[in-house]
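Input: a single structure, listed below in structure tokens.
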Amino acid sequence: MRDIAIISFAQTPAQRAVKEQNEVEMLMPAIHGALGQVDMTIDDIGFTCSGSTDYLAGVGFSFVSTLDGVGPWPPIQESHVEMDGAWALYEAWVKLQLGELDTALVYSYAKSSPGDLPMVLTRQLDPITVAPLWPDTVSLAALQARALLDSGRYTEEHFAEVAARSRKSALDNPNAQLAWDRPASDVLAEEYHVAPLRKSDCAPITDGAACIILAAGDVARSKVERPAWIRGIDHRVEPIHLGLRDLTVSESTRIAAEKAGVADGAVDVAEIHAPFSHQELILRDAIGLGEDVDVNPSGGALSGNPMMTAGLIRVGEVANRISNGTANRGVAHATSGPCLQQNLVTVLEGEN
Amino acid sequence: MTEQDAGAILSAPLIIEYPFKRTTGPVIGAFLTGLREQVLVGSKAADGRVIVPPAEFDPVSGEDLTELVEVGPAGEITTWAWVTHPHEKHPLDQPFAWALIKPDGADTPMLGAVAADGIDALATGARVTPVWAEEREGHINDLTHWVLEAEGGAA
């Protein structure tokens with residue numbers, strides 16, 4: 001395996017609705033922020049890969065027009081995934097493994113605000129037996145939350161503690177959309193949104209964009225003092241029908257974490273992509289994180305959840321902590337699909 | 001970027017359509033035909049489990065599944081969520097429960113909407129029975145929703 005590192009990460013502030021900019025305008029500061037931090041231009045990039053979805057943009061092949069954000073002339077090598085940017089990062093990592101190129105730029109973005117997001121997301125479900133019922137994202141997550149409560153492993157108090165801790169951590173994150181310091185008992189005092197979930201158990205609706213730059217070996221070392229090396233990366237998917245899965249565990253995350261080598265060393269920090277509070281508990285167990293791990297110091301998706309981007313931001317948050325020396329080894333997780341259907345885990349490490 | 005006040009931003013409604021037609025095939029087609037006849041069918045997986053709605057491929061091994069078996073139609077709630085403010089697109093316009101429902105004889109649950117008087121009427125393990133549309137056309141909405149079985153017998 002070739003040594004590939006994250007050398008730069010930038011994101012736009014998580015906002016409820018970016019009305020005055022189109023997708024390209026919203027995306028530009030993330031791309032050019034990430035390039036500028038390492039004194040690079042698009043001419044220095046070997047491969048570009050993006051993650052977004054036409055279902056939110058409302059236009060077929062919408063990602064083609066957002067390539068204007070990188071300035072793809074003369075023609076560039078590029079690709080796109082209709083997925084969170086964390087999977088675009090996976091594709092870029094594979095591309096660099098081939099050994100022909102040394103640098104890659106990965107970006108993702110979404111404006112979730114123009115449509116009815118929980119209803120738009122029903123279009124990712126089985127189109128014949130499930131999608132016609134219009135089961136919104138929050139309702140499906142609530143089915144999972146109830147199953148987890150019924151398992152006896154966690155209580156609504158545990159959900160509330162995740163909700164409160166995440167928003168408190170977000171006070172230190174200038175890009176967060178939701179940040180506050182209130183006790184978990186305040187969360188429990190809220191009315192149910194879709195029982196057993198309360199509003200504070202749910203991620204906000206967010207518009208935003210993010211960009212990561214990857215570089216191989218000595219190219220990475222020449223650009224930054226402390227690259228965040230990708231030591232393992234793996235993704236797995238489960239059946240689309242909720243009835244075919246045990247919703248109280250995340251088997252795909254468990255396998256991805258094992259393949260990525262999470263257990264091969266101590267974990268200082270973990271950024272987990274959990275759009276609902278109970279999902280963080282399921283994911284912590286699946287990844288196998290101990291009580292001593294600093295989980296979601298950024299505030300996580302509960303403090304800002306730009307679709308197609310919140311997973312890539314998890315990777316960037318861990319990379320930043322490794323590059324600035326506050327962590328030596330970290331785990332980033334990204335999810336996609338209903339109730340944690342598909343999951344990606346990557347292990348990042350600094351060089352001593 | 002220059003600041004714009006929200007009133008100066010042009011906006012217009014956009015209705016997106018993805019007008020694809022799908023062929024349902026012998027497995028999903030049989031499930032939909034069953035709904036028209038007020039019958040639920042599942043498929044037998046390689047390990048003997050009965051999957052509802054039927055799966056064309058085994059979720060573990062990936063092999064073709066062709067054996068169909070009749071299940072339910074009554075069943076048991078395996079998990080549920082209470083919706084206080086239904087969306088206009090939801091199957092019911094009064095507060096209701098989404099539930100995963102395991103029809104009798106099946107080993108996996110399917111998604112459905114359950115009508116009930118209130119959140120206190122719901123429980124994991126509660127028994128439910130389907131309510132069928134008067135005019136059925138071989139569509140998942142032929143089964144309009146589910147209701148709780150009355151205590152001591154069918155509703």
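Ordering of the structure tokens sets the chain letters (A, B, ...), residue numbers begin anew at 1 in every chain, and ligands are numbered from 1 in the order given.
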
Taking only residues of range 1-60 of chain B that have an atom at most 10 Å from an atom of range 234-254 of chain A, what is each one's shortest atom pair and its distance in Å to one decimal, using only C-alpha atoms, in chain and number order, as a tab-separated table?
residue	atom	partner	partner_atom	distance
B:Ile51	CA	A:Leu244	CA	7.8
B:Val52	CA	A:Gly243	CA	8.1
B:Pro53	CA	A:His241	CA	8.8
B:Ala55	CA	A:His241	CA	9.4
B:Pro59	CA	A:Pro239	CA	6.7
B:Val60	CA	A:Pro239	CA	9.2

Store the residues picked out above, limited to N, CA and C atoms, as a compact mmCIF listing (two decimals), in the first residue's frame.
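Heads up, here's the output in out.txt:
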# COMPACT_ATOMS: atom_id res chain seq x y z
N ILE B 51 -39.07 -14.10 4.31
CA ILE B 51 -38.80 -12.67 4.20
C ILE B 51 -40.01 -11.96 3.58
N VAL B 52 -40.46 -10.88 4.24
CA VAL B 52 -41.59 -10.09 3.73
C VAL B 52 -41.23 -8.61 3.77
N PRO B 53 -41.46 -7.81 2.73
CA PRO B 53 -41.85 -8.24 1.39
C PRO B 53 -40.82 -9.22 0.81
N ALA B 55 -37.95 -11.13 -1.10
CA ALA B 55 -36.70 -10.65 -1.70
C ALA B 55 -36.39 -11.50 -2.94
N PRO B 59 -30.53 -12.24 1.12
CA PRO B 59 -29.75 -11.12 1.67
C PRO B 59 -28.38 -11.52 2.18
N VAL B 60 -28.16 -12.80 2.44
CA VAL B 60 -26.85 -13.25 2.93
C VAL B 60 -26.01 -13.81 1.78

Task: Test item: chain B residues at most 6 Å from chain A, counting only C-alpha atoms, as number ranges by chain - done: B: 79-83, 90, 108-110, 140

Open item on the list: DSSP on the backbone: which residues in range 23-148 of chain B end up as strand (DSSP E)? Give the answer as a PyMOL selection string.
Closed with: chain B and resi 40-44+50-51+68-71+75-83+96-103+110-115+127-132+143-148

TODO: Excluding range 277-284 of chain A and any residue of its chain fewer than 3 positions from it, enumerate the residues within 7 Å of it, using only C-alpha atoms, and give them as JSON, numbers by chain.
DONE: {"A": [145, 159, 162, 163, 201, 202, 248, 249, 250, 272, 274, 287, 288, 289]}

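Here CA of Glu156 in chain A is placed at a distance of 21.4 Å from CA of Ala170 in chain A.
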
Task: Residues near Phe47 in chain A, cut-off 12 Å, only C-alpha atoms, skip fewer than 6 positions along chain, as JSON, numbers by chain - done: {"A": [70, 72, 75, 76, 77, 78, 79, 80, 88, 89, 91, 92, 93, 94, 95, 96, 97, 98, 99, 100, 101, 102, 103, 104, 105, 106, 107, 213, 214, 215]}

Task: Close residues, Ile28 in chain B itself excluded, 12 Å, only C-alpha atoms, min 3 positions apart in chain, as a ChimeraX atom specification - done: /A:126-129 /B:22-25,31-35,40-43,51-57,65-66,68,138-140

Limited to C-alpha atoms, could you put the picked residues into a file as a JSON list (two decimals), in the first residue's frame?
[["chain", "number", "residue", "atom", "x", "y", "z"],
["A", 126, "ASP", "CA", -37.22, 0.71, -1.99],
["A", 127, "PRO", "CA", -39.26, 2.35, -4.76],
["A", 128, "ILE", "CA", -42.04, -0.27, -4.84],
["A", 129, "THR", "CA", -42.78, -1.44, -1.30],
["B", 22, "ARG", "CA", -40.41, -0.36, -13.49],
["B", 23, "THR", "CA", -41.18, -3.96, -14.29],
["B", 24, "THR", "CA", -41.79, -5.79, -11.04],
["B", 25, "GLY", "CA", -40.89, -9.35, -12.10],
["B", 31, "PHE", "CA", -46.33, -9.74, -3.76],
["B", 32, "LEU", "CA", -48.26, -6.92, -5.46],
["B", 33, "THR", "CA", -50.75, -9.34, -7.01],
["B", 34, "GLY", "CA", -51.25, -10.81, -3.54],
["B", 35, "LEU", "CA", -52.06, -7.38, -2.12],
["B", 40, "LEU", "CA", -49.47, -11.26, 1.97],
["B", 41, "VAL", "CA", -46.70, -13.38, 0.50],
["B", 42, "GLY", "CA", -43.05, -13.68, 1.45],
["B", 43, "SER", "CA", -40.10, -15.56, 0.02],
["B", 51, "ILE", "CA", -38.80, -12.67, 4.20],
["B", 52, "VAL", "CA", -41.59, -10.09, 3.73],
["B", 53, "PRO", "CA", -41.85, -8.24, 1.39],
["B", 54, "PRO", "CA", -40.32, -11.09, -0.62],
["B", 55, "ALA", "CA", -36.70, -10.65, -1.70],
["B", 56, "GLU", "CA", -35.52, -11.59, -5.18],
["B", 57, "PHE", "CA", -32.07, -12.38, -3.86],
["B", 65, "LEU", "CA", -35.09, -16.82, -4.24],
["B", 66, "THR", "CA", -38.13, -18.22, -6.01],
["B", 68, "LEU", "CA", -43.12, -17.93, -2.23],
["B", 138, "GLY", "CA", -51.70, -4.36, -7.06],
["B", 139, "HIS", "CA", -49.87, -1.55, -5.26],
["B", 140, "ILE", "CA", -48.36, -1.28, -1.76]]

TODO: Work out how far CA of Ala110 in chain A is from CA of Gly51 in chain A, in Å to one decimal.
DONE: 9.0 Å

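As for CA of Ala270 in chain A and CA of Arg221 in chain A, they are spaced 23.8 Å apart.
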
- [ ] Taking the chain letters and numbering used in this document, name the residues of range 17-242 of chain A that DSSP puts in helix (DSSP H, G or I), as JSON, numbers by chain.
- [x] {"A": [23, 24, 25, 26, 27, 28, 29, 30, 31, 32, 33, 34, 35, 36, 37, 42, 43, 44, 54, 55, 56, 57, 62, 63, 64, 65, 66, 67, 68, 69, 85, 86, 87, 88, 89, 90, 91, 92, 93, 94, 95, 96, 97, 117, 118, 119, 120, 121, 122, 123, 124, 131, 132, 133, 137, 138, 139, 140, 141, 142, 143, 144, 145, 146, 147, 148, 149, 150, 156, 157, 158, 159, 160, 161, 162, 163, 164, 165, 166, 167, 168, 169, 170, 171, 172, 184, 185, 186, 187, 188, 199, 200, 201, 217, 218, 219, 220, 221, 222, 223, 242]}

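For the choices B:Leu143, B:Ala30, B:Leu122, B:Ala8, the atom-to-atom distance to Trp98 in chain B is smallest for B:Leu122 when using only C-alpha atoms.
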
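Close contacts of range 129-134 of chain B, defined as residues with an atom at most 7 Å away when counting only C-alpha atoms, with chain neighbours fewer than 4 positions off set aside, comprise Gln38, Pro73, Ala74, Gly75, Asp142, Leu143, Thr144, His145, Trp146, Val147, Leu148 and Glu149 of chain B.
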